[in-house]
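data21.cif (mmCIF, C-alpha atoms)
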```
data_work
loop_
_atom_site.label_atom_id
_atom_site.label_comp_id
_atom_site.auth_asym_id
_atom_site.auth_seq_id
_atom_site.Cartn_x
_atom_site.Cartn_y
_atom_site.Cartn_z
CA MET R 161 0.00 0.00 0.00
CA VAL R 162 1.52 3.24 -1.15
CA SER R 163 0.94 6.04 1.29
CA TRP R 164 0.68 9.30 -0.56
CA PRO R 165 1.72 12.36 1.41
CA LYS R 166 -1.34 14.21 2.55
CA PRO R 167 -1.60 17.77 1.27
CA ALA R 168 -1.33 19.13 4.77
CA THR R 169 2.11 17.56 5.17
CA VAL R 170 3.56 18.94 1.93
CA PRO R 171 5.76 21.74 3.22
CA PHE R 172 4.67 24.51 0.89
CA LEU R 173 0.99 23.67 1.21
CA ARG R 174 1.09 23.52 4.98
CA LYS R 175 -1.49 25.70 6.65
CA GLU R 176 0.13 26.07 10.03
CA GLY R 177 2.93 28.51 10.64
CA LYS R 178 2.58 32.16 9.99
CA ASN R 179 2.19 33.58 6.53
CA PRO R 180 2.77 30.55 4.33
CA VAL R 181 4.25 31.62 1.03
CA VAL R 182 2.18 29.29 -1.12
CA GLU R 183 -1.34 28.62 -0.07
CA ILE R 184 -4.07 27.87 -2.55
CA ASN R 185 -7.49 28.74 -1.17
CA GLY R 186 -10.75 30.37 -2.14
CA THR R 187 -8.92 33.45 -3.38
CA ILE R 188 -8.25 31.68 -6.68
CA VAL R 189 -11.96 31.63 -7.52
CA VAL R 190 -12.32 35.25 -6.49
CA GLN R 191 -9.36 36.23 -8.65
CA ILE R 192 -10.75 34.41 -11.69
CA ILE R 193 -14.04 36.24 -11.24
CA HIS R 194 -12.13 39.49 -10.77
CA PHE R 195 -10.23 38.99 -13.97
CA LEU R 196 -13.30 38.06 -16.00
CA LEU R 197 -15.10 41.09 -14.59
CA LEU R 198 -12.14 43.26 -15.51
CA LEU R 199 -12.16 41.80 -19.01
CA LEU R 200 -15.83 42.68 -19.36
CA LEU R 201 -15.39 46.19 -18.01
CA LEU R 202 -12.31 46.87 -20.10
CA ARG R 203 -14.20 45.67 -23.12
CA LEU R 204 -16.92 48.18 -22.41
CA VAL R 205 -14.74 51.08 -21.39
CA ALA R 206 -11.50 50.79 -23.32
CA TYR R 207 -11.35 48.17 -26.02
CA LYS R 208 -14.34 49.19 -28.04
CA PRO R 209 -13.25 52.79 -28.67
CA ILE R 210 -9.59 51.90 -29.08
CA LEU R 211 -10.26 49.07 -31.52
CA LYS R 212 -12.72 51.25 -33.38
CA ILE R 213 -10.11 53.96 -33.73
CA LEU R 214 -7.49 51.42 -34.77
CA ASP R 215 -9.83 50.05 -37.42
CA GLU R 216 -10.61 53.55 -38.60
CA ARG R 217 -6.94 54.39 -38.77
CA GLN R 218 -6.28 51.22 -40.72
CA MET R 219 -9.05 52.07 -43.14
CA TYR R 220 -7.81 55.63 -43.38
CA VAL R 221 -4.29 54.47 -44.16
CA ALA R 222 -5.55 51.87 -46.61
CA SER R 223 -7.71 54.41 -48.40
CA ASN R 224 -4.84 56.86 -48.47
CA ILE R 225 -2.56 54.26 -49.96
CA GLU R 226 -5.19 53.30 -52.47
CA GLN R 227 -5.72 56.91 -53.40
CA ALA R 228 -2.00 57.48 -53.71
CA GLU R 229 -1.70 54.45 -55.95
CA LYS R 230 -4.55 55.65 -58.08
CA GLN R 231 -2.99 59.05 -58.37
CA ARG R 232 0.33 57.56 -59.26
CA ALA R 233 -1.26 55.45 -61.98
CA GLU R 234 -2.99 58.57 -63.25
CA ALA R 235 0.28 60.46 -63.21
CA GLU R 236 2.00 57.62 -65.05
CA ARG R 237 -0.71 57.66 -67.65
CA ILE R 238 -0.47 61.42 -68.11
CA LYS R 239 3.27 61.22 -68.27
CA ALA R 240 3.16 58.52 -70.91
CA GLU R 241 0.63 60.56 -72.83
CA PHE R 242 2.78 63.63 -72.67
CA GLU R 243 5.84 61.70 -73.68
CA ALA R 244 4.06 60.24 -76.69
CA GLU R 245 2.79 63.67 -77.60
CA MET R 246 6.24 65.12 -77.22
CA ARG R 247 7.79 62.42 -79.34
CA ARG R 248 5.19 62.98 -82.02
CA VAL R 249 5.73 66.72 -81.96
CA ARG R 250 9.46 66.31 -82.11
CA GLU R 251 9.18 63.98 -85.05
CA GLU R 252 6.91 66.40 -86.78
CA ALA R 253 9.29 69.25 -86.16
CA GLN R 254 12.10 67.13 -87.48
CA GLN R 255 10.11 66.39 -90.57
CA ILE R 256 9.31 70.03 -91.08
CA ILE R 257 12.92 70.99 -90.70
CA GLU R 258 13.98 68.29 -93.09
CA ARG R 259 11.42 69.33 -95.57
CA ALA R 260 12.43 72.96 -95.31
CA THR R 261 16.06 72.10 -95.63
CA LYS R 262 15.37 70.04 -98.69
CA ALA R 263 13.25 72.74 -100.23
CA SER R 264 15.81 75.43 -99.56
CA GLU R 265 18.54 73.28 -100.98
CA GLU R 266 16.48 72.65 -104.06
CA GLN R 267 15.76 76.32 -104.37
CA ALA R 268 19.37 77.23 -103.99
CA GLN R 269 20.27 74.63 -106.55
CA ALA R 270 17.71 76.05 -108.93
CA ILE R 271 18.96 79.60 -108.39
CA MET R 272 22.50 78.48 -109.02
CA GLU R 273 21.47 76.68 -112.15
CA ALA R 274 19.58 79.70 -113.37
CA ALA R 275 22.50 81.98 -112.59
CA LYS R 276 24.86 79.68 -114.41
CA GLU R 277 22.59 79.55 -117.40
CA GLU R 278 22.23 83.30 -117.39
CA THR R 279 25.95 83.73 -117.24
CA THR R 280 26.48 81.33 -120.09
CA ARG R 281 23.83 83.06 -122.08
CA LEU R 282 25.32 86.50 -121.42
CA LYS R 283 28.77 85.28 -122.23
CA GLU R 284 27.63 83.76 -125.49
CA GLY R 285 25.76 86.95 -126.35
CA ALA R 286 28.84 89.01 -125.65
CA LEU R 287 31.01 86.70 -127.73
CA ALA R 288 28.57 86.89 -130.60
CA ASP R 289 28.56 90.68 -130.35
CA ILE R 290 32.32 90.79 -130.40
CA GLU R 291 32.41 88.50 -133.40
CA ARG R 292 29.89 90.60 -135.22
CA GLU R 293 31.70 93.87 -134.45
CA LYS R 294 34.94 92.32 -135.51
CA ASP R 295 33.44 91.20 -138.79
CA LYS R 296 31.98 94.64 -139.29
CA ALA R 297 35.32 96.31 -138.51
CA LEU R 298 37.13 93.97 -140.82
CA ALA R 299 34.67 94.69 -143.61
CA GLU R 300 35.02 98.42 -143.07
CA LEU R 301 38.77 98.13 -142.99
CA LYS R 302 38.71 96.21 -146.24
CA ASP R 303 36.59 98.90 -147.87
CA GLN R 304 38.83 101.70 -146.68
CA VAL R 305 42.00 99.85 -147.63
CA ALA R 306 40.54 99.25 -151.07
CA SER R 307 39.52 102.88 -151.55
CA MET R 308 42.87 104.03 -150.28
CA ALA R 309 44.64 101.72 -152.61
CA ILE R 310 42.60 103.12 -155.47
CA LEU R 311 43.38 106.66 -154.29
CA VAL R 312 47.05 105.88 -154.04
CA ALA R 313 47.01 104.23 -157.41
CA GLY R 314 45.26 107.32 -158.87
CA LYS R 315 47.86 109.65 -157.43
CA VAL R 316 50.68 107.53 -158.66
CA ILE R 317 49.31 107.48 -162.12
CA ARG R 318 48.63 111.22 -162.19
CA ASP R 319 51.94 112.56 -160.85
CA GLY R 320 54.42 110.10 -162.28
CA LEU R 321 56.61 108.75 -159.79
CA ASN R 322 59.98 110.05 -158.77
CA ILE R 323 61.85 109.11 -155.68
CA ASP R 324 60.57 112.02 -153.72
CA ALA R 325 57.05 111.52 -154.84
CA GLN R 326 57.28 107.89 -153.95
CA HIS R 327 58.54 108.72 -150.58
CA LYS R 328 55.83 111.31 -150.04
CA LEU R 329 53.22 108.93 -151.17
CA VAL R 330 54.26 106.35 -148.69
CA GLN R 331 54.35 108.93 -145.95
CA ASP R 332 50.88 110.14 -146.88
CA ALA R 333 49.58 106.64 -146.95
CA ILE R 334 51.02 105.98 -143.54
CA SER R 335 49.59 109.15 -142.05
CA GLU R 336 46.28 108.39 -143.65
CA VAL R 337 46.38 104.92 -142.22
CA LYS R 338 47.16 106.46 -138.85
CA ASN R 339 44.05 108.57 -139.11
CA LEU R 340 41.89 105.58 -139.79
CA PRO R 341 39.16 105.20 -137.22
CA CYS R 342 39.63 101.58 -136.46
CA MET Q 280 32.33 79.23 -15.11
CA LYS Q 281 29.89 79.67 -12.25
CA GLU Q 282 27.74 76.85 -13.57
CA GLU Q 283 30.72 74.57 -13.62
CA SER Q 284 31.74 75.31 -10.07
CA ARG Q 285 28.18 74.77 -8.89
CA PHE Q 286 28.05 71.48 -10.75
CA LYS Q 287 31.31 70.43 -9.13
CA LYS Q 288 29.98 71.33 -5.71
CA ARG Q 289 26.86 69.30 -6.30
CA LEU Q 290 28.82 66.34 -7.58
CA PHE Q 291 31.01 66.49 -4.51
CA LEU Q 292 28.02 66.63 -2.18
CA GLY Q 293 26.42 63.71 -4.01
CA LEU Q 294 29.54 61.61 -3.73
CA LEU Q 295 29.84 62.49 -0.06
CA LEU Q 296 26.23 61.46 0.52
CA ILE Q 297 26.81 58.14 -1.22
CA PHE Q 298 29.90 57.60 0.88
CA VAL Q 299 27.98 58.34 4.08
CA LEU Q 300 25.25 56.00 2.92
CA PHE Q 301 27.79 53.26 2.49
CA ILE Q 302 29.25 53.91 5.91
CA VAL Q 303 25.95 53.96 7.74
CA SER Q 304 24.23 51.25 5.69
CA GLY Q 305 22.41 48.95 8.04
CA CYS Q 306 23.90 45.68 9.02
CA GLY Q 307 20.53 43.96 9.39
CA GLU Q 308 20.73 43.29 13.10
CA ASN Q 309 17.56 41.82 14.54
CA PHE Q 310 16.23 41.47 11.01
CA ASP Q 311 12.93 39.65 10.74
CA LEU Q 312 11.07 39.51 7.45
CA HIS Q 313 7.65 39.00 8.99
CA ARG Q 314 8.08 41.84 11.41
CA THR Q 315 9.23 44.14 8.60
CA GLU Q 316 6.28 43.07 6.54
CA GLN Q 317 3.98 44.03 9.38
CA GLU Q 318 5.77 47.33 9.71
CA VAL Q 319 5.48 48.29 6.05
CA ASN Q 320 1.82 47.28 6.02
CA PHE Q 321 0.69 50.86 5.75
CA TRP Q 322 -3.02 50.26 5.13
CA LYS Q 323 -3.21 47.60 7.83
CA VAL Q 324 -4.63 44.99 5.46
CA PRO Q 325 -4.81 41.51 6.94
CA LEU Q 326 -1.69 39.64 5.85
CA GLU Q 327 -2.94 36.26 7.02
CA PRO Q 328 -5.64 34.36 5.14
CA VAL Q 329 -9.01 35.07 6.69
CA GLU Q 330 -11.66 32.42 7.27
CA VAL Q 331 -14.83 33.34 5.44
CA ASN Q 332 -18.11 31.68 4.67
CA ILE Q 333 -19.38 32.45 1.19
CA ALA Q 334 -22.80 30.96 0.49
CA GLY Q 335 -22.24 28.20 2.96
CA ILE Q 336 -18.79 27.25 1.70
CA GLU Q 337 -16.06 27.49 4.28
CA THR Q 338 -12.90 28.83 2.74
CA LYS Q 339 -10.07 31.18 3.32
CA LEU Q 340 -9.45 34.43 1.50
CA ASN Q 341 -6.22 36.39 1.17
CA LEU Q 342 -7.89 39.69 1.76
CA ASN Q 343 -4.75 41.71 1.03
CA THR Q 344 -4.64 40.18 -2.45
CA VAL Q 345 -8.32 40.84 -2.96
CA TYR Q 346 -8.06 44.46 -1.88
CA PHE Q 347 -5.03 45.17 -4.00
CA THR Q 348 -6.65 43.40 -6.93
CA TRP Q 349 -9.44 45.91 -6.69
CA VAL Q 350 -6.88 48.68 -6.79
CA ALA Q 351 -5.21 47.03 -9.77
CA MET Q 352 -8.53 46.64 -11.56
CA ALA Q 353 -9.34 50.28 -10.93
CA LEU Q 354 -5.94 51.37 -12.23
CA THR Q 355 -6.24 49.15 -15.30
CA LEU Q 356 -9.69 50.50 -16.01
CA LEU Q 357 -8.45 54.03 -15.52
CA LEU Q 358 -5.55 53.39 -17.85
CA GLY Q 359 -7.84 51.88 -20.46
CA PHE Q 360 -10.35 54.67 -20.08
CA ALA Q 361 -7.72 57.41 -20.33
CA ALA Q 362 -6.21 55.75 -23.38
CA ALA Q 363 -9.61 55.33 -24.98
CA ARG Q 364 -10.41 58.98 -24.39
CA GLY Q 365 -7.16 60.15 -25.94
CA CYS Q 366 -7.62 57.94 -28.97
CA SER Q 367 -8.11 59.63 -32.29
CA VAL Q 368 -7.40 58.75 -35.89
CA ARG Q 369 -5.13 61.68 -36.57
CA ARG Q 370 -3.90 63.05 -33.26
CA PRO Q 371 -3.75 60.45 -30.47
CA THR Q 372 -2.39 61.49 -27.10
CA LYS Q 373 0.84 60.05 -25.80
CA LEU Q 374 -0.90 57.53 -23.59
CA ALA Q 375 -3.20 56.51 -26.43
CA SER Q 376 -0.28 56.01 -28.83
CA MET Q 377 1.47 53.93 -26.20
CA MET Q 378 -1.64 51.82 -25.78
CA GLU Q 379 -1.94 51.46 -29.53
CA LEU Q 380 1.65 50.32 -29.60
CA VAL Q 381 0.82 47.61 -27.05
CA PHE Q 382 -2.24 46.62 -29.06
CA ASP Q 383 -0.28 46.45 -32.30
CA PHE Q 384 2.58 44.55 -30.74
CA LEU Q 385 0.33 41.93 -29.16
CA LYS Q 386 -1.65 41.74 -32.37
CA SER Q 387 1.48 40.99 -34.37
CA GLN Q 388 2.46 38.35 -31.81
CA LEU Q 389 -0.99 36.78 -31.81
CA TYR Q 390 -1.82 36.98 -35.50
CA GLY Q 391 1.65 35.75 -36.35
CA SER Q 392 1.12 32.50 -34.49
CA MET Q 393 -2.40 31.56 -35.55
CA ALA Q 394 -4.94 32.23 -38.25
CA GLU Q 395 -6.82 35.50 -38.01
CA LYS Q 396 -10.17 33.79 -37.53
CA LYS Q 397 -8.90 31.92 -34.49
CA ALA Q 398 -6.92 34.84 -33.12
CA ARG Q 399 -9.73 37.37 -33.12
CA GLY Q 400 -11.58 35.62 -30.29
CA ILE Q 401 -8.72 35.72 -27.82
CA TYR Q 402 -7.23 39.06 -28.84
CA LEU Q 403 -8.95 40.97 -26.06
CA LEU Q 404 -8.14 38.27 -23.51
CA ILE Q 405 -4.47 38.52 -24.42
CA ILE Q 406 -4.45 42.30 -24.15
CA SER Q 407 -6.22 42.10 -20.81
CA TYR Q 408 -3.65 39.62 -19.58
CA PHE Q 409 -0.85 41.93 -20.48
CA LEU Q 410 -2.38 45.11 -19.11
CA PHE Q 411 -3.67 43.57 -15.91
CA ILE Q 412 -0.49 41.68 -15.12
CA LEU Q 413 1.65 44.69 -15.95
CA VAL Q 414 -0.37 46.94 -13.68
CA CYS Q 415 -0.35 44.32 -10.92
CA ASN Q 416 3.39 43.82 -11.20
CA LEU Q 417 4.18 47.51 -11.24
CA MET Q 418 1.94 48.04 -8.23
CA GLY Q 419 4.42 46.02 -6.22
CA LEU Q 420 6.93 48.81 -6.77
CA VAL Q 421 4.71 51.52 -5.38
CA PRO Q 422 5.21 52.16 -1.67
CA THR Q 423 2.35 50.94 0.54
CA LEU Q 424 0.94 48.85 -2.31
CA GLU Q 425 1.48 45.20 -2.95
CA ALA Q 426 1.47 43.22 -6.18
CA PRO Q 427 -1.58 40.96 -6.42
CA THR Q 428 0.50 38.75 -8.71
CA GLY Q 429 2.68 38.02 -5.69
CA ASP Q 430 -0.03 35.61 -4.63
CA ILE Q 431 -0.19 32.16 -6.22
CA ASN Q 432 -3.99 32.35 -6.23
CA THR Q 433 -3.96 35.22 -8.68
CA THR Q 434 -1.42 33.76 -11.05
CA LEU Q 435 -2.88 30.27 -10.91
CA GLY Q 436 -6.31 31.76 -11.54
CA LEU Q 437 -5.02 33.50 -14.65
CA ALA Q 438 -3.15 30.40 -15.74
CA LEU Q 439 -6.32 28.34 -15.31
CA ILE Q 440 -8.10 30.68 -17.68
CA THR Q 441 -5.35 29.98 -20.22
CA PHE Q 442 -5.69 26.28 -19.43
CA VAL Q 443 -9.40 26.38 -20.14
CA MET Q 444 -8.87 28.45 -23.26
CA ILE Q 445 -6.41 25.86 -24.59
CA TYR Q 446 -9.13 23.21 -24.51
CA VAL Q 447 -11.94 25.49 -25.64
CA TRP Q 448 -9.94 26.72 -28.61
CA GLY Q 449 -8.57 23.24 -29.35
CA LEU Q 450 -12.02 21.67 -29.40
CA ARG Q 451 -13.49 24.55 -31.34
CA TYR Q 452 -10.93 24.72 -34.12
CA THR Q 453 -9.12 21.39 -34.14
CA GLY Q 454 -11.82 19.14 -32.74
CA PRO Q 455 -11.15 15.79 -31.14
CA LYS Q 456 -7.99 15.57 -33.21
CA MET Q 457 -6.27 17.68 -30.56
CA PHE Q 458 -6.19 14.62 -28.29
CA LYS Q 459 -4.31 12.63 -30.91
CA HIS Q 460 -1.05 12.88 -29.04
CA TYR Q 461 -2.58 11.12 -26.04
CA ILE Q 462 -2.66 7.92 -28.03
CA MET Q 463 0.33 6.01 -26.79
CA PRO Q 464 0.79 2.98 -24.52
CA ILE Q 465 0.95 4.95 -21.28
CA PRO Q 466 -0.25 8.50 -21.88
CA ILE Q 467 1.38 9.96 -18.80
CA LEU Q 468 3.78 12.28 -20.54
CA PRO Q 469 1.19 14.24 -22.54
CA ILE Q 470 -1.03 14.57 -19.48
CA VAL Q 471 1.84 15.83 -17.38
CA GLU Q 472 2.79 18.13 -20.20
CA ASP Q 473 -0.71 19.56 -20.36
CA PHE Q 474 -0.92 20.16 -16.65
CA ALA Q 475 2.58 21.54 -16.50
CA LYS Q 476 1.57 24.40 -18.77
CA PRO Q 477 -0.67 26.32 -16.36
CA VAL Q 478 1.44 25.38 -13.38
CA THR Q 479 4.65 26.70 -14.93
CA LEU Q 480 2.84 29.80 -16.13
CA ALA Q 481 1.49 30.47 -12.65
CA PHE Q 482 4.62 29.69 -10.71
CA ARG Q 483 6.93 31.63 -13.02
CA LEU Q 484 4.96 34.82 -12.53
CA PHE Q 485 4.27 34.17 -8.87
CA GLY Q 486 7.89 33.34 -8.09
CA ASN Q 487 9.21 36.43 -9.79
CA MET Q 488 6.76 38.75 -8.13
CA LYS Q 489 6.93 37.16 -4.70
CA GLY Q 490 10.69 37.19 -4.93
CA LYS Q 491 10.63 40.84 -5.89
CA HIS Q 492 8.34 41.60 -2.98
CA ILE Q 493 10.40 39.67 -0.45
CA MET Q 494 13.58 41.28 -1.71
CA THR Q 495 12.06 44.75 -1.46
CA VAL Q 496 10.85 44.11 2.05
CA ALA Q 497 14.17 42.59 3.04
CA LEU Q 498 16.05 45.61 1.75
CA LEU Q 499 13.69 47.85 3.67
CA GLY Q 500 14.25 45.67 6.70
CA LEU Q 501 17.95 46.39 6.51
CA ILE Q 502 17.13 49.90 7.65
CA THR Q 503 17.93 49.52 11.33
CA GLY Q 504 19.63 51.34 14.14
CA MET Q 505 21.75 54.30 13.17
CA ALA Q 506 21.08 53.65 9.53
CA GLU Q 507 17.37 54.00 9.98
CA TYR Q 508 17.01 56.51 7.19
CA CYS Q 509 19.33 55.20 4.57
CA GLY Q 510 20.28 51.58 5.25
CA GLY Q 511 19.82 49.42 2.24
CA PHE Q 512 18.85 52.55 0.40
CA LEU Q 513 21.15 52.15 -2.59
CA ALA Q 514 20.44 48.49 -2.94
CA SER Q 515 16.74 49.24 -2.68
CA VAL Q 516 16.90 51.83 -5.45
CA VAL Q 517 18.78 49.48 -7.72
CA TRP Q 518 16.40 46.68 -6.88
CA LEU Q 519 13.30 48.77 -7.58
CA ALA Q 520 14.76 49.84 -10.93
CA PHE Q 521 15.36 46.21 -11.74
CA GLY Q 522 11.84 45.48 -10.54
CA ILE Q 523 10.37 47.64 -13.30
CA PHE Q 524 12.24 45.56 -15.83
CA VAL Q 525 11.21 42.25 -14.27
CA SER Q 526 7.59 43.35 -14.01
CA ALA Q 527 7.37 44.21 -17.69
CA ILE Q 528 9.25 41.10 -18.76
CA GLN Q 529 7.10 38.78 -16.69
CA ALA Q 530 3.86 40.32 -17.94
CA PHE Q 531 5.15 39.90 -21.47
CA VAL Q 532 6.29 36.32 -20.86
CA PHE Q 533 2.95 35.27 -19.39
CA THR Q 534 1.12 36.79 -22.34
CA VAL Q 535 3.34 35.37 -25.02
CA LEU Q 536 3.42 31.91 -23.48
CA SER Q 537 -0.37 31.92 -23.29
CA ILE Q 538 -0.44 32.77 -27.00
CA ALA Q 539 2.07 30.02 -27.69
CA TYR Q 540 0.15 27.38 -25.72
CA ILE Q 541 -3.12 28.23 -27.40
CA SER Q 542 -1.58 28.42 -30.85
CA MET Q 543 0.00 25.00 -30.33
CA VAL Q 544 -3.39 23.29 -30.21
CA VAL Q 545 -5.06 25.26 -32.97
CA SER Q 546 -2.28 25.17 -35.54
CA ASP Q 547 -2.98 22.96 -38.52
CA ASP Q 548 0.29 21.05 -38.36
CA HIS Q 549 -0.43 20.00 -34.80
CA HIS Q 550 0.71 16.45 -34.06
#
```
Re-express the file's structure as structure tokens.
Amino acid sequence: MVSWPKPATVPFLRKEGKNPVVEINGTIVVQIIHFLLLLLLLRLVAYKPILKILDERQMYVASNIEQAEKQRAEAERIKAEFEAEMRRVREEAQQIIERATKASEEQAQAIMEAAKEETTRLKEGALADIEREKDKALAELKDQVASMAILVAGKVIRDGLNIDAQHKLVQDAISEVKNLPC
Amino acid sequence: MKEESRFKKRLFLGLLLIFVLFIVSGCGENFDLHRTEQEVNFWKVPLEPVEVNIAGIETKLNLNTVYFTWVAMALTLLLGFAAARGCSVRRPTKLASMMELVFDFLKSQLYGSMAEKKARGIYLLIISYFLFILVCNLMGLVPTLEAPTGDINTTLGLALITFVMIYVWGLRYTGPKMFKHYIMPIPILPIVEDFAKPVTLAFRLFGNMKGKHIMTVALLGLITGMAEYCGGFLASVVWLAFGIFVSAIQAFVFTVLSIAYISMVVSDDHH
């Protein structure tokens, strides 16, 4: 027969002696009731408002985050839109510049061509003029030389020719030639 | 210049005082813990268990614990009420933000160890544990007050609530499967394990708080004879400062272990 130690003989459960450190008695029930009562009261007084505020704060933060995300998405969209617009505008500007450049180059080319043509034309005109004047001068010269030769021949025949006369004749001819306009 | 010299003078006086304190520190002659306890019993609460008869049941009540529990309850309620009043979405008061910090911290502990559906039901219980035990513990540091948690009845009562909650939550969310680990040739170990949980919870808190109380009283008791005014003073100050730390830690440990014990039976990978 095993004899279990009776609770009263277990040192720390002993009731005798003053102020036992560990003594389990009716207080335990009272304390449980106290705690449950406190839980109930705290629930009424403190937890409800605090938890409500915490929930509200959570919702507030969540809605703020959501709003911020929405705004960011909106900003991204606008940014992308602007960038596309910008790219388009830039391309257009580029095209315009290119077109203008091309046109101006063409125009310059055309002007150059025209100028060159004009020059050639003027030059040819001038050359033709010179040729014509030259021909005219030559023809005139021929006429004058011929008439002079006839004059000289007439003089020679009329005077008879001595040395002095010959000499004079030549001198006359020369001076006459000198006076020729051409 | 003047400031400096004044500071030096004060430092010198302080050092001198400490030196005198060391010299005249009590030697603990005729020291008796029970007598000191009677002496520091400012409100003259009965220190011995009192025989009472509640509804025909003869039992004993530790009236000092009961009285100081009322004080603790009032303080906890006051704390909760003040925090609740200061609560606001945008501009909470300091106390309210501190309380919110406690709420958030315990929530992260609780929700991290079990599913939200299971955790919601014991969230308030866990917060109440922490607040009540913290207030009780810190009360032991206030002169003329005593920590209700320095009584095994209080701590065991709280631990029994955890003990009950373990089975309530286990049966509610795991069902009879929670008793699976009892199936072995001689299921002594799991039974001992189950009963050890509340007992260790209770005795850990009780031991710490009772030890703190006895140590405080003993250090006060060292104030004897010539050193009536300052014996054990330094040690007492250091001990009370340490007591704040121990009080907070023990409240936290009790709370977190309760969470852990309950989460053990409701987790899905329980074996």
Inset, instruction - Run the PyMOL selection byres ((chain Q) within 6 of (chain R)) on the file and write out the hits as a VMD selection string. - result: chain Q and resid 327 338 to 340 359 to 360 363 368 432 to 433 436
Any chance you could export the current selection's C-alpha atoms as a tab-separated table (two decimals), in the coordinates of the input?
```
chain	number	residue	atom	x	y	z
Q	327	GLU	CA	-2.94	36.26	7.02
Q	338	THR	CA	-12.90	28.83	2.74
Q	339	LYS	CA	-10.07	31.18	3.32
Q	340	LEU	CA	-9.45	34.43	1.50
Q	359	GLY	CA	-7.84	51.88	-20.46
Q	360	PHE	CA	-10.35	54.67	-20.08
Q	363	ALA	CA	-9.61	55.33	-24.98
Q	368	VAL	CA	-7.40	58.75	-35.89
Q	432	ASN	CA	-3.99	32.35	-6.23
Q	433	THR	CA	-3.96	35.22	-8.68
Q	436	GLY	CA	-6.31	31.76	-11.54
```
Legend entry - Exercise: region 307-311 of chain R partners within 8 Å, only C-alpha atoms, chain neighbours under 4 positions left out, as a ChimeraX atom specification: /R:303,315,333
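Residue nearest Ala438 (chain Q), chosen from Q:Leu326, Q:Val319, Q:Ile405, Q:Met377 and counting only C-alpha atoms: Q:Ile405.
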Inset, instruction - On this file, the PyMOL selection byres ((chain Q and resi 386) around 10) gives some set of residues; write that set as a PyMOL selection string. - result: chain Q and resi 380-385+387-392+395+398-399+402-403+405-406
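We find CA of Leu413 (chain Q) and CA of Thr479 (chain Q) to be spaced 18.3 Å apart.
CA of Met444 (chain Q) is found 28.9 Å from CA of Lys491 (chain Q).
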Legend entry - One-decimal distance in Å that lies between CA of Val535 (chain Q) and CA of Val421 (chain Q): 25.5 Å
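Proximity to Glu316 (chain Q) at 12 Å, evaluated using all atoms listed in the file and with sequence-adjacent residues fewer than 3 positions away removed, yields Asn179 of chain R; Phe310, Asp311, Leu312, His313, Val319, Asn320, Phe321, Trp322, Lys323, Val324, Pro325, Leu326, Glu327, Thr423, Leu424, Glu425, His492, Ile493, Met494, Thr495, Val496, Ala497, Leu498, Leu499 and Gly500 of chain Q.
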Inset, instruction - Decode the PyMOL selection byres ((chain Q and resi 410) around 10) for the given file into explicit residues and return them as a list of chain:residue names. - result: Q:Ala351, Q:Met352, Q:Leu354, Q:Thr355, Q:Leu356, Q:Leu358, Q:Gly359, Q:Met378, Q:Val381, Q:Leu404, Q:Ile405, Q:Ile406, Q:Ser407, Q:Tyr408, Q:Phe409, Q:Phe411, Q:Ile412, Q:Leu413, Q:Val414, Q:Cys415, Q:Asn416, Q:Ala527, Q:Ala530, Q:Phe531, Q:Thr534
Legend entry - For Ile470 (chain Q), the nearest of the candidates Q:Tyr346, Q:Phe458, Q:Phe521, Q:Tyr540, counting all atoms listed in the file: Q:Phe458
